[in-house]
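Remarks on the structure that follows.
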Amino acid sequence: MAAPTNTFTSTAAVGNREDLTDVIYRISPTETPLLSLAERVKAENTLHEWQTQALAAPADNAQVEGDDATADAAVPTVRLGNRTQISRKTARVSGTQDAVNTAGRKKELAYQVSLKSLELKRDMEFAITRNSVAATSPRKTRGMVGWMDAANVNAGAGYVAPDYINNVAQTDGTQRAFTETQLKDVAQKIFTSGGNPNTLMLGPTQKQTFSTFLGNSTRFDEGEDKKVVAATDIYVTDFGALKAVPNRIQRPRDAFVIENDKVAVAYLRPLQKTPLAKTGDSEAVMLLAEYALENRAPTAHGGILDLS
C-alpha cells in the first residue's frame with residue numbers, strides 16, 4: 001500500500017516541530033539512608049573528637065553496718081575522634097547553553113547544580129559507609145565499617161577487626177551466605193555490650209535474604225488487591241525490634257546493626273554553594289561539604305560482615 005500520488009507526508013516536511021516532552025526522568029537513586037538517619041551536629045576542627053563513658057561492672061555490693069565509706073575506683077572516659085573529609089562537585093555551563101531554550105529545565109546551570117547536589121550527597125553516603133581509616137592528606141573520614149567493635153561482629157574466616165583507637169582498617173574475611181543465626185548472634189552481642197540497636201541497614205541482595213528468615217515466616221494474601229506480601233520491614237529480636245533499611249550505596253558484603261542515637265555526622269562546613277570566578281564565556285558553581293562520621297559509642301552497634 002502507498003499514499004496517493006503527490007500526497008505531502010511528514011517525511012518530506014521540514015517545518016514540523018519536534019515532539020520533546022518538558023520532563024526529564026531521572027533513573028539514578030538518590031536515597032542516602034545512613035546520612036539521613038544520623039543526627040546532624042557541628043564540628044569545630046578538622047580533628048573532630050568526642051568521649052564515651054562506661055560504668056563499673058555490677059558487683060555484690062553488700063556493706064558492713066556502720067563501716068566508713070571509701071572512695072570507689074573511677075572509670076575514666078575514652079576519647080575518640082575522626083577526621084573531617086572535604087567532598088565537592090562543580091558544575092560549569094557555557095553562556096550559550098544557559099541562554100538557549102531547553103526542555104525540562106528553565107536554566108541549564110541551575111539544573112546542573114541540582115544534579116551535582118544529589119551526586120555530592122551520594123558521595124558522602126559512600127564515604128561514611130566504607131571500610132576506611134581517618135587520613136590526613138587528603139583528609140578522609142573513617143567510615144562505619146572502620147568503627148566495628150570486635151566484640152559485636154559476626155564475620156567470615158580470616159576477618160580481622162579494625163582498631164579504631166590506633167586507626168587501623170578492618171581486614172575483610174571470606175564471604176559467606178547471610179543467615180538468621182548470624183543476625184541473632186550480633187543482636188545478642190550488642191545487647192551484652194550495652195547497646196540497644198533499632199536499625200538493620202543492608203544491601204538489596206541481603207534485604208531479600210532477610211525477608212526469608214523463619215522469624216518472619218508469616219506471609220499473608222491481601223485477597224481483594226490480589227497481592228501477596230512477602231517482604232519484612234521489622235524484625236523483633238529477643239533484645240528489641242530492628243527496622244530493616246535497604247541501602248544501595250553501602251558495601252553489599254556488610255550489614256549494619258545500628259543504635260540510631262549513637263551515630264551522627266559532624267559538619268565543619270555544611271553543604272554550601274559557591275559561585276566561582278568568571279574566566280570566560282561560562283559560569284561555574286562549586287558545591288562543597290566538610291564532614292566527619294561521629295560514632296558516639298562503637299559498642300552500641302555491630303555488623304554481620306563478609307556476606308556473599
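Chain labels A, B, ... are given in the sequence in which chains occur in the C-alpha cells; within each chain residues are numbered consecutively from 1, and ligands are likewise numbered from 1 in the order shown.
Using only C-alpha atoms, the protein and nucleic acid residues lying no more than 10 Å from Glu44 of chain A, apart from those fewer than 3 places from it along its own chain, are Leu47, His48, Glu49, Thr84, Ala266, Tyr267, Leu268 and Arg269 of chain A.
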Selected residues written out, N, CA, C and O atoms, as a JSON list (two decimals), in the first residue's frame:
[["chain", "number", "residue", "atom", "x", "y", "z"],
["A", 47, "LEU", "N", 40.04, 17.73, 63.17],
["A", 47, "LEU", "CA", 40.01, 16.53, 64.00],
["A", 47, "LEU", "C", 38.83, 16.70, 64.95],
["A", 47, "LEU", "O", 38.87, 17.50, 65.89],
["A", 48, "HIS", "N", 37.78, 15.95, 64.69],
["A", 48, "HIS", "CA", 36.56, 16.04, 65.50],
["A", 48, "HIS", "C", 36.61, 14.93, 66.55],
["A", 48, "HIS", "O", 36.77, 13.75, 66.21],
["A", 49, "GLU", "N", 36.49, 15.31, 67.83],
["A", 49, "GLU", "CA", 36.63, 14.33, 68.91],
["A", 49, "GLU", "C", 35.42, 14.35, 69.83],
["A", 49, "GLU", "O", 34.72, 15.34, 69.96],
["A", 84, "THR", "N", 37.68, 15.21, 59.46],
["A", 84, "THR", "CA", 36.69, 15.73, 58.52],
["A", 84, "THR", "C", 37.18, 15.53, 57.09],
["A", 84, "THR", "O", 38.38, 15.63, 56.81],
["A", 266, "ALA", "N", 29.13, 15.04, 61.80],
["A", 266, "ALA", "CA", 29.56, 16.35, 62.28],
["A", 266, "ALA", "C", 30.05, 17.17, 61.10],
["A", 266, "ALA", "O", 30.92, 16.72, 60.34],
["A", 267, "TYR", "N", 29.50, 18.37, 60.93],
["A", 267, "TYR", "CA", 29.84, 19.23, 59.80],
["A", 267, "TYR", "C", 30.73, 20.38, 60.24],
["A", 267, "TYR", "O", 30.32, 21.20, 61.06],
["A", 268, "LEU", "N", 31.93, 20.44, 59.71],
["A", 268, "LEU", "CA", 32.77, 21.62, 59.88],
["A", 268, "LEU", "C", 32.27, 22.71, 58.93],
["A", 268, "LEU", "O", 32.24, 23.89, 59.28],
["A", 269, "ARG", "N", 31.89, 22.29, 57.72],
["A", 269, "ARG", "CA", 31.25, 23.19, 56.75],
["A", 269, "ARG", "C", 30.06, 22.46, 56.15],
["A", 269, "ARG", "O", 30.24, 21.47, 55.42]]
Could you pull out all residues of segment 148-224 of chain A with a DSSP call of helix (DSSP H, G or I) and give them as a ChimeraX atom specification? /A:150-152,180-193,204-210,214-216,223-224
Using only C-alpha atoms, which of A:Ala169, A:Ala277, A:Leu287, A:Ala297 sits nearest Pro197 of chain A?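 Of the candidates, the smallest distance to Pro197 of chain A is held by A:Ala297.
Excluding Lys243 of chain A itself and same-chain residues fewer than 3 positions from it, the residues having an atom within 7 Å of it are Asn198, Thr199, Leu200, Asp233, Ile234 and Tyr235 of chain A, counting only C-alpha atoms.
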Limited to N, CA and C atoms, could you put the picked residues into a file as a PDB file, in the first residue's frame?
ATOM      1  N   ASN A 198      18.317  -0.356  66.909  1.00  0.00           N
ATOM      2  CA  ASN A 198      16.955  -0.320  66.375  1.00  0.00           C
ATOM      3  C   ASN A 198      16.898  -0.302  64.855  1.00  0.00           C
ATOM      4  N   THR A 199      18.048  -0.346  64.172  1.00  0.00           N
ATOM      5  CA  THR A 199      18.049  -0.337  62.699  1.00  0.00           C
ATOM      6  C   THR A 199      18.981  -1.420  62.175  1.00  0.00           C
ATOM      7  N   LEU A 200      18.506  -2.143  61.180  1.00  0.00           N
ATOM      8  CA  LEU A 200      19.337  -3.077  60.413  1.00  0.00           C
ATOM      9  C   LEU A 200      19.465  -2.497  59.013  1.00  0.00           C
ATOM     10  N   ASP A 233       9.858  -5.703  57.092  1.00  0.00           N
ATOM     11  CA  ASP A 233      10.479  -4.420  57.416  1.00  0.00           C
ATOM     12  C   ASP A 233      10.881  -4.316  58.883  1.00  0.00           C
ATOM     13  N   ILE A 234      10.251  -5.108  59.744  1.00  0.00           N
ATOM     14  CA  ILE A 234      10.560  -5.090  61.178  1.00  0.00           C
ATOM     15  C   ILE A 234      10.894  -6.508  61.623  1.00  0.00           C
ATOM     16  N   TYR A 235      12.023  -6.649  62.325  1.00  0.00           N
ATOM     17  CA  TYR A 235      12.405  -7.943  62.878  1.00  0.00           C
ATOM     18  C   TYR A 235      12.537  -7.769  64.386  1.00  0.00           C
TER      19      TYR A 235
END
Got a sec: who's within 12 Å of Gln250 of chain A, counting only C-alpha atoms, leaving out chain neighbours fewer than 2 positions off, as a PyMOL selection string? chain A and resi 31-35+122-131+143-145+201-206+245-248+252-256+305
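Taking atom CA of Arg139 of chain A and atom CA of Arg83 of chain A as the two end points, the separation is 6.4 Å.
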Contact residues around Thr179 of chain A with only C-alpha atoms at 8 Å, ignoring same-chain residues under 3 positions, as a ChimeraX atom specification: /A:182-183,209-210,213
Any idea what the distance is between atom CA of Ala155 of chain A and atom CA of Gly302 of chain A?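 Atom CA of Gly302 of chain A lies at a distance of 10.7 Å from atom CA of Ala155 of chain A.
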Would you kindly return, as a PyMOL selection string, each protein, DNA or RNA residue with an atom no farther than 10 Å from any atom of Gln272 of chain A, considering only C-alpha atoms and excluding same-chain residues fewer than 5 positions away? chain A and resi 88+117+286-290
Report, in Å to a single decimal, how far apart atom CA of Val257 of chain A and atom CA of Gly156 of chain A are. 16.8 Å
Who sits within 9 Å of Ala150 of chain A, only C-alpha atoms, same chain under 3 positions skipped, as a VMD selection string: chain A and resid 153 to 154 160 to 163 299 302
Once you have the residues from the selection above, write them out as a PDB file, in the first residue's frame, restricted to C-alpha atoms.
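As written to disk, part18.pdb reads:
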ATOM      1  CA  VAL A 153      30.525  -8.705  64.786  1.00  0.00           C
ATOM      2  CA  ASN A 154      29.847 -11.975  63.022  1.00  0.00           C
ATOM      3  CA  VAL A 160      40.470  -9.029  61.462  1.00  0.00           C
ATOM      4  CA  ALA A 161      38.565  -6.308  63.295  1.00  0.00           C
ATOM      5  CA  PRO A 162      39.561  -2.660  62.823  1.00  0.00           C
ATOM      6  CA  ASP A 163      41.470  -0.870  65.551  1.00  0.00           C
ATOM      7  CA  THR A 299      29.915  -0.972  71.155  1.00  0.00           C
ATOM      8  CA  GLY A 302      27.504  -4.222  65.330  1.00  0.00           C
TER       9      GLY A 302
END
